[in-house]
file structure.csv (CSV, C-alpha atoms)
chain,number,residue,atom,x,y,z
A,1,MET,CA,7.0,13.3,14.5
A,2,LYS,CA,8.4,11.7,17.7
A,3,LEU,CA,7.1,14.8,19.5
A,4,PHE,CA,3.6,13.6,19.0
A,5,ARG,CA,4.0,10.1,20.4
A,6,LYS,CA,3.6,11.1,24.1
A,7,GLY,CA,0.0,12.3,24.2
A,8,ASP,CA,-3.4,11.2,22.9
A,9,GLY,CA,-4.9,14.5,21.9
A,10,PRO,CA,-6.1,15.3,18.3
A,11,LEU,CA,-2.8,16.9,17.4
A,12,ASP,CA,-0.9,13.9,18.7
A,13,ARG,CA,-3.1,11.5,16.7
A,14,LEU,CA,-2.6,13.6,13.6
A,15,GLY,CA,1.1,13.6,14.1
A,16,ARG,CA,1.3,9.9,14.4
A,17,GLY,CA,-0.9,9.5,11.3
A,18,LEU,CA,1.4,11.8,9.3
A,19,GLU,CA,4.4,9.9,10.6
A,20,LEU,CA,2.9,6.6,9.4
A,21,GLN,CA,2.1,8.0,6.0
A,22,ALA,CA,5.6,9.4,5.6
A,23,ILE,CA,7.1,6.0,6.4
A,24,ARG,CA,4.7,4.4,3.8
A,25,LEU,CA,5.7,6.9,1.1
A,26,LEU,CA,9.4,6.3,1.9
A,27,LEU,CA,8.9,2.5,1.6
A,28,LEU,CA,7.2,2.9,-1.8
A,29,ALA,CA,10.0,5.2,-3.0
A,30,VAL,CA,12.7,2.7,-1.9
A,31,HIS,CA,10.7,-0.2,-3.4
A,32,ALA,CA,10.6,1.5,-6.8
A,33,LEU,CA,14.4,1.9,-6.9
A,34,PRO,CA,16.7,-0.8,-8.4
A,35,GLU,CA,18.5,-2.6,-5.5
A,36,ARG,CA,21.9,-1.1,-6.2
A,37,LEU,CA,20.5,2.5,-6.2
A,38,ALA,CA,18.3,1.7,-3.1
A,39,LEU,CA,21.3,0.5,-1.1
A,40,GLY,CA,23.4,3.5,-2.2
A,41,ALA,CA,20.5,5.8,-1.2
A,42,GLY,CA,20.5,4.2,2.2
A,43,ARG,CA,24.2,4.8,2.7
A,44,THR,CA,23.8,8.4,1.5
A,45,ALA,CA,21.0,8.9,4.0
A,46,GLY,CA,23.1,7.5,6.8
A,47,ARG,CA,26.0,9.7,5.9
A,48,ALA,CA,23.7,12.7,5.8
A,49,ALA,CA,22.4,11.8,9.3
A,50,ALA,CA,26.0,11.6,10.6
A,51,MET,CA,26.6,15.2,9.4
A,52,ALA,CA,23.2,16.5,10.5
A,53,LEU,CA,23.4,14.9,14.0
A,54,PRO,CA,26.9,15.9,15.3
A,55,ARG,CA,26.0,15.0,18.9
A,56,TYR,CA,25.5,11.4,18.0
A,57,ARG,CA,28.5,11.3,15.6
A,58,HIS,CA,30.7,12.7,18.3
A,59,ARG,CA,29.4,10.2,20.8
A,60,ALA,CA,30.2,7.4,18.4
A,61,GLU,CA,33.7,8.8,18.0
A,62,GLU,CA,34.2,9.1,21.8
A,63,GLN,CA,33.2,5.5,22.4
A,64,LEU,CA,35.3,4.2,19.5
A,65,ARG,CA,38.4,6.0,21.0
A,66,LEU,CA,37.8,4.3,24.3
A,67,ALA,CA,37.1,0.9,22.8
A,68,PHE,CA,40.1,1.0,20.3
A,69,PRO,CA,42.7,3.1,22.1
A,70,GLY,CA,45.4,2.2,19.6
A,71,LYS,CA,43.6,3.4,16.5
A,72,PRO,CA,44.5,6.7,14.7
A,73,GLU,CA,42.0,9.5,14.7
A,74,SER,CA,41.4,9.2,11.0
A,75,TRP,CA,40.1,5.6,11.6
A,76,ILE,CA,37.9,6.7,14.4
A,77,GLU,CA,36.2,9.4,12.4
A,78,LYS,CA,35.9,7.2,9.3
A,79,THR,CA,34.4,4.3,11.3
A,80,ALA,CA,31.9,6.6,13.1
A,81,VAL,CA,30.5,7.8,9.8
A,82,ALA,CA,30.6,4.3,8.3
A,83,CYS,CA,28.4,3.2,11.3
A,84,PHE,CA,25.7,5.7,10.2
A,85,GLU,CA,26.1,4.5,6.6
A,86,HIS,CA,25.7,0.9,7.6
A,87,PHE,CA,22.4,1.5,9.4
A,88,GLY,CA,21.1,3.5,6.4
A,89,GLN,CA,21.9,0.6,4.1
A,90,ALA,CA,20.5,-2.0,6.5
A,91,ALA,CA,17.2,-0.1,6.4
A,92,ALA,CA,17.1,-0.2,2.6
A,93,GLU,CA,18.0,-3.9,2.6
A,94,MET,CA,15.0,-4.7,4.8
A,95,ILE,CA,12.8,-2.9,2.3
A,96,LYS,CA,14.3,-4.5,-0.8
A,97,GLY,CA,14.8,-8.0,0.6
A,98,PRO,CA,12.3,-10.7,-0.3
A,99,ARG,CA,9.5,-11.2,2.2
A,100,SER,CA,9.1,-14.9,1.5
A,101,SER,CA,11.7,-17.5,2.6
A,102,GLN,CA,10.7,-19.6,-0.5
A,103,GLY,CA,13.0,-19.8,-3.5
A,104,ASN,CA,16.8,-19.5,-3.4
A,105,ARG,CA,17.4,-15.7,-3.2
A,106,TRP,CA,17.9,-15.8,0.6
A,107,GLU,CA,20.6,-18.4,0.1
A,108,LYS,CA,22.5,-15.8,-1.9
A,109,ILE,CA,21.9,-13.1,0.7
A,110,VAL,CA,22.5,-14.9,4.0
A,111,ARG,CA,24.8,-17.9,4.6
A,112,VAL,CA,25.5,-19.6,7.9
A,113,LYS,CA,29.2,-20.2,8.4
A,114,GLU,CA,28.6,-23.4,10.4
A,115,GLU,CA,25.2,-24.4,9.2
A,116,ALA,CA,25.5,-28.0,10.3
A,117,ARG,CA,26.2,-26.9,13.9
A,118,LEU,CA,23.3,-24.6,13.9
A,119,LEU,CA,21.0,-27.3,12.4
A,120,GLU,CA,22.1,-29.6,15.2
A,121,VAL,CA,21.0,-27.0,17.8
A,122,VAL,CA,17.7,-26.4,16.0
A,123,ASN,CA,16.9,-30.1,15.7
A,124,SER,CA,17.8,-30.9,19.3
A,125,GLY,CA,14.3,-30.1,20.5
A,126,LYS,CA,15.7,-28.3,23.5
A,127,GLY,CA,15.2,-24.8,22.2
A,128,ALA,CA,18.0,-22.2,22.4
A,129,ILE,CA,18.5,-18.6,23.4
A,130,LEU,CA,20.1,-16.8,20.4
A,131,ALA,CA,22.1,-13.9,22.0
A,132,SER,CA,23.2,-11.1,19.7
A,133,GLY,CA,23.2,-7.3,19.5
A,134,HIS,CA,22.5,-4.4,17.2
A,135,ILE,CA,25.2,-5.5,14.8
A,136,GLY,CA,25.0,-6.2,11.1
A,137,ASN,CA,21.4,-7.0,10.2
A,138,TRP,CA,19.9,-9.1,13.0
A,139,GLU,CA,16.5,-9.3,11.4
A,140,LEU,CA,17.7,-11.2,8.3
A,141,ALA,CA,18.3,-14.5,10.1
A,142,ALA,CA,14.6,-15.0,10.6
A,143,GLN,CA,14.1,-16.4,7.1
A,144,TRP,CA,16.8,-19.0,7.6
A,145,PHE,CA,15.1,-20.4,10.7
A,146,PHE,CA,11.7,-20.4,9.1
A,147,LYS,CA,13.0,-22.2,6.0
A,148,HIS,CA,14.5,-24.9,8.2
A,149,GLY,CA,11.3,-25.5,10.1
A,150,ALA,CA,12.3,-23.7,13.3
A,151,LYS,CA,10.2,-21.3,15.3
A,152,LEU,CA,11.9,-18.0,16.0
A,153,VAL,CA,10.5,-15.8,18.8
A,154,SER,CA,11.6,-12.4,20.1
A,155,ILE,CA,10.2,-9.7,22.4
A,156,ALA,CA,8.2,-6.9,20.7
A,157,HIS,CA,9.2,-3.6,22.1
A,158,GLY,CA,6.3,-1.4,20.9
A,159,SER,CA,6.4,2.3,20.2
A,160,ARG,CA,3.6,4.8,20.9
A,161,ASN,CA,2.6,4.7,17.2
A,162,ARG,CA,0.3,1.7,17.0
A,163,GLY,CA,0.2,1.9,13.2
A,164,ILE,CA,4.0,1.5,12.9
A,165,ASP,CA,3.9,-1.4,15.4
A,166,GLU,CA,1.3,-3.2,13.4
A,167,MET,CA,3.2,-2.7,10.1
A,168,MET,CA,6.4,-4.1,11.7
A,169,LEU,CA,4.5,-7.0,13.1
A,170,ARG,CA,3.1,-7.9,9.7
A,171,GLU,CA,6.5,-7.7,8.1
A,172,ARG,CA,8.0,-10.0,10.8
A,173,ARG,CA,5.2,-12.5,10.5
A,174,ALA,CA,5.7,-12.6,6.7
A,175,ARG,CA,9.3,-13.5,7.3
A,176,GLY,CA,8.5,-16.3,9.8
A,177,HIS,CA,9.3,-14.3,12.9
A,178,SER,CA,7.0,-14.5,15.9
A,179,THR,CA,7.0,-12.1,18.8
A,180,VAL,CA,5.7,-12.0,22.4
A,181,ASP,CA,4.6,-8.8,24.1
A,182,VAL,CA,7.1,-7.1,26.5
A,183,ASP,CA,4.5,-7.5,29.3
A,184,GLY,CA,4.9,-11.0,30.7
A,185,ALA,CA,7.7,-11.7,28.2
A,186,PHE,CA,9.8,-13.8,30.5
A,187,ARG,CA,7.0,-16.2,31.3
A,188,ASN,CA,6.1,-16.5,27.6
A,189,LEU,CA,9.7,-17.1,26.5
A,190,VAL,CA,10.0,-19.9,29.1
A,191,ARG,CA,7.0,-21.5,27.5
A,192,GLU,CA,8.4,-21.1,24.0
A,193,LEU,CA,11.8,-22.6,25.0
A,194,ARG,CA,10.2,-25.6,26.6
A,195,GLY,CA,8.3,-26.1,23.3
A,196,GLY,CA,11.6,-26.2,21.4
A,197,ALA,CA,11.5,-22.7,19.9
A,198,MET,CA,14.5,-20.5,19.2
A,199,VAL,CA,14.3,-17.3,21.3
A,200,ALA,CA,16.3,-14.3,19.9
A,201,VAL,CA,17.4,-11.6,22.3
A,202,LEU,CA,19.5,-8.5,21.8
A,203,THR,CA,21.7,-7.9,24.9
A,204,ASP,CA,23.5,-4.6,24.0
A,205,ARG,CA,21.0,-2.0,25.0
A,206,ASN,CA,21.5,-0.1,28.3
A,207,PRO,CA,19.2,-1.7,30.9
A,208,ARG,CA,19.4,1.4,33.0
A,209,ASP,CA,18.4,0.2,36.5
A,210,GLN,CA,18.7,-3.6,36.3
A,211,GLY,CA,21.2,-6.3,35.3
A,212,MET,CA,24.8,-7.0,36.4
A,213,ILE,CA,28.2,-5.5,35.8
A,214,VAL,CA,30.5,-7.4,33.3
A,215,PRO,CA,33.5,-6.3,31.2
A,216,PHE,CA,33.0,-5.0,27.7
A,217,PHE,CA,35.9,-3.6,25.6
A,218,GLY,CA,37.9,-3.2,28.8
A,219,ARG,CA,35.3,-1.2,30.7
A,220,ASP,CA,32.5,-2.1,33.1
A,221,ILE,CA,29.1,-2.4,31.6
A,222,LEU,CA,25.6,-3.0,33.0
A,223,THR,CA,24.1,-5.9,31.1
A,224,VAL,CA,20.8,-7.7,31.2
A,225,THR,CA,20.7,-11.1,32.8
A,226,SER,CA,17.4,-12.4,31.4
A,227,PRO,CA,19.0,-14.6,28.7
A,228,ALA,CA,21.1,-16.3,31.4
A,229,LEU,CA,18.1,-16.6,33.7
A,230,LEU,CA,16.1,-18.2,30.9
A,231,SER,CA,18.9,-20.6,30.2
A,232,HIS,CA,19.3,-21.7,33.9
A,233,MET,CA,15.6,-22.1,34.4
A,234,THR,CA,14.8,-24.1,31.2
A,235,GLY,CA,18.1,-25.8,30.5
A,236,SER,CA,18.2,-24.4,27.0
A,237,PRO,CA,21.7,-23.3,25.9
A,238,ILE,CA,22.7,-19.8,24.9
A,239,LEU,CA,24.1,-19.6,21.4
A,240,PRO,CA,25.9,-16.2,20.7
A,241,TRP,CA,25.6,-15.2,17.0
A,242,ALA,CA,25.9,-12.2,14.7
A,243,CYS,CA,24.7,-11.7,11.1
A,244,ILE,CA,27.5,-9.5,9.6
A,245,ARG,CA,27.6,-7.9,6.1
A,246,ASP,CA,30.4,-9.0,3.8
A,247,GLY,CA,31.7,-5.7,2.5
A,248,ARG,CA,29.1,-3.3,1.0
A,249,ALA,CA,27.1,-5.8,-1.0
A,250,PHE,CA,23.7,-7.2,0.1
A,251,ARG,CA,25.5,-10.3,1.4
A,252,TYR,CA,25.6,-11.5,5.0
A,253,THR,CA,27.3,-14.3,7.0
A,254,VAL,CA,25.9,-15.6,10.2
A,255,HIS,CA,28.8,-16.2,12.6
A,256,LEU,CA,28.3,-18.5,15.7
A,257,GLY,CA,30.0,-18.5,19.0
A,258,ASP,CA,30.5,-21.4,21.4
A,259,LEU,CA,27.3,-23.1,22.7
A,260,LEU,CA,26.9,-22.0,26.3
A,261,VAL,CA,25.3,-24.9,28.3
A,262,PRO,CA,23.9,-24.0,31.7
A,263,ASP,CA,25.0,-26.1,34.8
A,264,ARG,CA,21.7,-26.2,36.6
A,265,LYS,CA,23.3,-27.9,39.6
A,266,ALA,CA,25.5,-24.9,40.1
A,267,PRO,CA,24.4,-22.0,42.3
A,268,ARG,CA,22.0,-19.9,40.2
A,269,ASP,CA,23.7,-16.5,40.8
A,270,ALA,CA,27.1,-17.8,39.9
A,271,GLU,CA,25.9,-19.5,36.8
A,272,VAL,CA,23.9,-16.5,35.6
A,273,ALA,CA,27.0,-14.4,36.1
A,274,ARG,CA,29.2,-16.8,34.0
A,275,LEU,CA,26.7,-17.1,31.2
A,276,THR,CA,26.3,-13.3,31.0
A,277,ARG,CA,30.0,-12.7,31.0
A,278,GLU,CA,30.7,-15.3,28.3
A,279,SER,CA,27.9,-14.2,26.0
A,280,THR,CA,29.0,-10.6,26.3
A,281,ALA,CA,32.5,-11.6,25.5
A,282,TRP,CA,31.3,-13.2,22.3
A,283,LEU,CA,29.4,-10.1,21.4
A,284,GLU,CA,32.6,-8.1,21.7
A,285,ARG,CA,34.4,-10.6,19.4
A,286,PHE,CA,31.7,-10.1,16.8
A,287,ILE,CA,31.9,-6.4,17.0
A,288,ARG,CA,35.6,-6.4,16.5
A,289,MET,CA,35.1,-8.3,13.3
A,290,ALA,CA,33.1,-5.4,11.8
A,291,PRO,CA,33.1,-2.4,14.2
A,292,GLU,CA,31.4,-0.1,11.7
A,293,GLN,CA,28.3,-2.3,11.9
A,294,TRP,CA,27.6,-1.7,15.6
A,295,GLN,CA,25.6,1.1,17.3
A,296,TRP,CA,28.4,3.2,18.6
A,297,MET,CA,26.0,6.2,18.9
A,298,HIS,CA,24.1,4.4,21.8
A,299,ARG,CA,25.3,5.4,25.3
A,300,ARG,CA,26.1,1.8,26.1
A,301,TRP,CA,28.5,2.4,29.0
A,302,LYS,CA,26.4,4.8,30.9
A,303,ILE,CA,25.4,3.3,34.3
A,304,THR,CA,22.7,5.1,36.2
A,305,PRO,CA,22.7,5.4,40.0
A,306,GLY,CA,19.8,2.9,40.1
A,307,GLY,CA,21.9,0.5,38.0
A,308,LEU,CA,24.9,0.8,40.4
A,309,LYS,CA,22.6,0.1,43.3
A,310,ARG,CA,21.0,-2.9,41.6
A,311,ALA,CA,24.5,-4.2,40.8
A,312,GLY,CA,25.5,-3.8,44.4
A,313,ILE,CA,28.2,-1.3,43.8
A,314,ALA,CA,26.5,2.0,44.7
A,315,LYS,CA,28.9,4.6,46.1
A,316,PRO,CA,28.4,5.2,49.8
A,317,THR,CA,26.4,8.3,50.6
call {"tool": "encode", "arguments": {"input": "structure.csv", "output": "structure tokens"}}
result
Amino acid sequence: MKLFRKGDGPLDRLGRGLELQAIRLLLLAVHALPERLALGAGRTAGRAAAMALPRYRHRAEEQLRLAFPGKPESWIEKTAVACFEHFGQAAAEMIKGPRSSQGNRWEKIVRVKEEARLLEVVNSGKGAILASGHIGNWELAAQWFFKHGAKLVSIAHGSRNRGIDEMMLRERRARGHSTVDVDGAFRNLVRELRGGAMVAVLTDRNPRDQGMIVPFFGRDILTVTSPALLSHMTGSPILPWACIRDGRAFRYTVHLGDLLVPDRKAPRDAEVARLTRESTAWLERFIRMAPEQWQWMHRRWKITPGGLKRAGIAKPT
């Protein structure tokens, strides 16, 4: 159905409508299954996707080899497939998980390893930039913040299917998760931070033509600098974190990195570079804890010519 997302003709609208209905039917089917069967079905779907999409599986294997040069080929292949299985199970978990933060079920699903330290950040009134990546199940932490009286805000990256966007927005609101539109996002996030909100950002997507070069698994990587810029502008600290599954059960632990406090008296460019390097290093540590729970099929290390130019390291012509 993705083929129909680019246009606005009758066939395109029909395709988007069919896509939305297919997703709704899938949601109903997963809802009807007992939790154990639903999670197993998610893993099976992920494993089937790994077999049906060899291009992405091979890309995952290639990047795992470069990131973990000492690992045997059997581990590389097994981890690549486990990555697909993880995301299949994570999708089922979001469908089967309780929408409300009330009650004690979420306390059995998500625990914070250093809860007192996180509560101290939440209650400081200074706001914080929660920097993570597409590892584990980053959406699950929203209920924890809502239950503890904190406002959690992130950027809404919309698709061309408005029906899917609206459905996702309702689900996030039900879980206490607010969003700002990608247009004008920086200005809106500055306002939220100054109001004491927690701003969640995922920093591991390829920014293509913007950002700065930092090391990641021993290789240069182009990384967004917006979290560091937000921190330097507002004085709000960056808190690296990851919500990682414990084994195969529907149980997660939120792991915290060091609180990265900006030095607003330091030169902005140098401080933005430091904060970006340190938060990226924490993301690498989290991924090493559970490599099968990160998006190895994403072309994270690809740097476009525009990205090289923006980073100031374009090859001479």
call {"tool": "atom_distance", "arguments": {"input": "structure.csv", "atom1": "atom CA of A:Arg208", "atom2": "atom CA of A:Ile238"}}
result
22.9 Å
call {"tool": "closest_atom_pairs", "arguments": {"input": "structure.csv", "of": "stretch 34-124 of chain A", "to": "stretch 140-149 of chain A", "cutoff": "12 Å", "atoms": "all atoms listed in the file", "output": "Markdown table"}}
result
| residue | atom | partner | partner_atom | distance |
| --- | --- | --- | --- | --- |
| A:Ala90 | CA | A:Leu140 | CA | 9.8 |
| A:Ala91 | CA | A:Leu140 | CA | 11.3 |
| A:Glu93 | CA | A:Leu140 | CA | 9.3 |
| A:Met94 | CA | A:Leu140 | CA | 7.9 |
| A:Ile95 | CA | A:Leu140 | CA | 11.4 |
| A:Lys96 | CA | A:Leu140 | CA | 11.8 |
| A:Gly97 | CA | A:Leu140 | CA | 8.8 |
| A:Pro98 | CA | A:Gln143 | CA | 9.5 |
| A:Arg99 | CA | A:Gln143 | CA | 8.5 |
| A:Ser100 | CA | A:Gln143 | CA | 7.7 |
| A:Ser101 | CA | A:Gln143 | CA | 5.2 |
| A:Gln102 | CA | A:Lys147 | CA | 7.4 |
| A:Gly103 | CA | A:Lys147 | CA | 9.8 |
| A:Asn104 | CA | A:Lys147 | CA | 10.5 |
| A:Arg105 | CA | A:Gln143 | CA | 10.8 |
| A:Trp106 | CA | A:Gln143 | CA | 7.6 |
| A:Glu107 | CA | A:Trp144 | CA | 8.4 |
| A:Lys108 | CA | A:Trp144 | CA | 11.5 |
| A:Ile109 | CA | A:Leu140 | CA | 8.9 |
| A:Val110 | CA | A:Ala141 | CA | 7.4 |
| A:Arg111 | CA | A:Trp144 | CA | 8.6 |
| A:Val112 | CA | A:Trp144 | CA | 8.7 |
| A:Glu115 | CA | A:Trp144 | CA | 10.1 |
| A:Ala116 | CA | A:His148 | CA | 11.6 |
| A:Leu118 | CA | A:Phe145 | CA | 9.8 |
| A:Leu119 | CA | A:His148 | CA | 8.1 |
| A:Glu120 | CA | A:His148 | CA | 11.4 |
| A:Val121 | CA | A:Phe145 | CA | 11.3 |
| A:Val122 | CA | A:Phe145 | CA | 8.4 |
| A:Asn123 | CA | A:Gly149 | CA | 9.2 |
call {"tool": "write_last_selection", "arguments": {"input": "structure.csv", "atoms": "C-alpha atoms", "output": "PDB file, in the frame of the given file"}}
result
ATOM      1  CA  ALA A  90      20.500  -2.000   6.500  1.00  0.00           C
ATOM      2  CA  ALA A  91      17.200  -0.100   6.400  1.00  0.00           C
ATOM      3  CA  GLU A  93      18.000  -3.900   2.600  1.00  0.00           C
ATOM      4  CA  MET A  94      15.000  -4.700   4.800  1.00  0.00           C
ATOM      5  CA  ILE A  95      12.800  -2.900   2.300  1.00  0.00           C
ATOM      6  CA  LYS A  96      14.300  -4.500  -0.800  1.00  0.00           C
ATOM      7  CA  GLY A  97      14.800  -8.000   0.600  1.00  0.00           C
ATOM      8  CA  PRO A  98      12.300 -10.700  -0.300  1.00  0.00           C
ATOM      9  CA  ARG A  99       9.500 -11.200   2.200  1.00  0.00           C
ATOM     10  CA  SER A 100       9.100 -14.900   1.500  1.00  0.00           C
ATOM     11  CA  SER A 101      11.700 -17.500   2.600  1.00  0.00           C
ATOM     12  CA  GLN A 102      10.700 -19.600  -0.500  1.00  0.00           C
ATOM     13  CA  GLY A 103      13.000 -19.800  -3.500  1.00  0.00           C
ATOM     14  CA  ASN A 104      16.800 -19.500  -3.400  1.00  0.00           C
ATOM     15  CA  ARG A 105      17.400 -15.700  -3.200  1.00  0.00           C
ATOM     16  CA  TRP A 106      17.900 -15.800   0.600  1.00  0.00           C
ATOM     17  CA  GLU A 107      20.600 -18.400   0.100  1.00  0.00           C
ATOM     18  CA  LYS A 108      22.500 -15.800  -1.900  1.00  0.00           C
ATOM     19  CA  ILE A 109      21.900 -13.100   0.700  1.00  0.00           C
ATOM     20  CA  VAL A 110      22.500 -14.900   4.000  1.00  0.00           C
ATOM     21  CA  ARG A 111      24.800 -17.900   4.600  1.00  0.00           C
ATOM     22  CA  VAL A 112      25.500 -19.600   7.900  1.00  0.00           C
ATOM     23  CA  GLU A 115      25.200 -24.400   9.200  1.00  0.00           C
ATOM     24  CA  ALA A 116      25.500 -28.000  10.300  1.00  0.00           C
ATOM     25  CA  LEU A 118      23.300 -24.600  13.900  1.00  0.00           C
ATOM     26  CA  LEU A 119      21.000 -27.300  12.400  1.00  0.00           C
ATOM     27  CA  GLU A 120      22.100 -29.600  15.200  1.00  0.00           C
ATOM     28  CA  VAL A 121      21.000 -27.000  17.800  1.00  0.00           C
ATOM     29  CA  VAL A 122      17.700 -26.400  16.000  1.00  0.00           C
ATOM     30  CA  ASN A 123      16.900 -30.100  15.700  1.00  0.00           C
TER      31      ASN A 123
END
call {"tool": "closest_residue", "arguments": {"input": "structure.csv", "among": "A:Arg117, A:His255, A:Arg55, A:Arg245", "to": "A:Glu292", "atoms": "all atoms listed in the file"}}
result
A:Arg245
call {"tool": "closest_residue", "arguments": {"input": "structure.csv", "among": "A:Ala156, A:Val199, A:Leu275, A:Leu39", "to": "A:Val182", "atoms": "all atoms listed in the file"}}
result
A:Ala156
call {"tool": "residues_around", "arguments": {"input": "structure.csv", "residues": "A:Val201", "least_positions_apart": "2", "cutoff": "8 Å", "atoms": "only C-alpha atoms", "output": "list in words"}}
result
Ile129, Leu130, Ala131, Ser132, Gly133, Ser154, Ile155, Val199, Thr203 and Pro227 of chain A
call {"tool": "closest_residue", "arguments": {"input": "structure.csv", "among": "A:Trp282, A:Phe217, A:Trp296, A:Trp138", "to": "A:Tyr252", "atoms": "only C-alpha atoms"}}
result
A:Trp138
call {"tool": "residues_around", "arguments": {"input": "structure.csv", "residues": "A:Thr44", "least_positions_apart": "2", "cutoff": "10 Å", "atoms": "all atoms listed in the file", "output": "VMD selection string"}}
result
chain A and resid 38 to 42 46 to 50 84 to 86 88 to 89
call {"tool": "write_last_selection", "arguments": {"input": "structure.csv", "atoms": "C-alpha atoms", "output": "tab-separated table (two decimals), in the frame of the given file"}}
result
chain	number	residue	atom	x	y	z
A	38	ALA	CA	18.30	1.70	-3.10
A	39	LEU	CA	21.30	0.50	-1.10
A	40	GLY	CA	23.40	3.50	-2.20
A	41	ALA	CA	20.50	5.80	-1.20
A	42	GLY	CA	20.50	4.20	2.20
A	46	GLY	CA	23.10	7.50	6.80
A	47	ARG	CA	26.00	9.70	5.90
A	48	ALA	CA	23.70	12.70	5.80
A	49	ALA	CA	22.40	11.80	9.30
A	50	ALA	CA	26.00	11.60	10.60
A	84	PHE	CA	25.70	5.70	10.20
A	85	GLU	CA	26.10	4.50	6.60
A	86	HIS	CA	25.70	0.90	7.60
A	88	GLY	CA	21.10	3.50	6.40
A	89	GLN	CA	21.90	0.60	4.10
call {"tool": "decode", "arguments": {"input": "structure.csv", "residues": "stretch 137-157 of chain A", "atoms": "C-alpha atoms", "output": "PDB file, in the first residue's frame"}}
result
ATOM      1  CA  ASN A 137      10.529  -0.516  22.988  1.00  0.00           C
ATOM      2  CA  TRP A 138      10.964   3.251  23.293  1.00  0.00           C
ATOM      3  CA  GLU A 139       7.201   3.913  23.348  1.00  0.00           C
ATOM      4  CA  LEU A 140       6.590   1.987  26.576  1.00  0.00           C
ATOM      5  CA  ALA A 141       8.265   4.532  28.850  1.00  0.00           C
ATOM      6  CA  ALA A 142       5.504   7.099  28.221  1.00  0.00           C
ATOM      7  CA  GLN A 143       3.207   5.525  30.816  1.00  0.00           C
ATOM      8  CA  TRP A 144       5.866   5.781  33.518  1.00  0.00           C
ATOM      9  CA  PHE A 145       6.207   9.526  32.995  1.00  0.00           C
ATOM     10  CA  PHE A 146       2.444  10.053  32.859  1.00  0.00           C
ATOM     11  CA  LYS A 147       1.923   8.072  36.060  1.00  0.00           C
ATOM     12  CA  HIS A 148       4.536  10.177  37.855  1.00  0.00           C
ATOM     13  CA  GLY A 149       3.006  13.482  36.810  1.00  0.00           C
ATOM     14  CA  ALA A 150       5.551  14.363  34.123  1.00  0.00           C
ATOM     15  CA  LYS A 151       4.727  15.660  30.673  1.00  0.00           C
ATOM     16  CA  LEU A 152       6.439  13.691  27.909  1.00  0.00           C
ATOM     17  CA  VAL A 153       6.701  15.344  24.486  1.00  0.00           C
ATOM     18  CA  SER A 154       8.185  14.114  21.213  1.00  0.00           C
ATOM     19  CA  ILE A 155       8.178  15.078  17.531  1.00  0.00           C
ATOM     20  CA  ALA A 156       5.413  13.612  15.352  1.00  0.00           C
ATOM     21  CA  HIS A 157       6.878  12.498  12.020  1.00  0.00           C
TER      22      HIS A 157
END
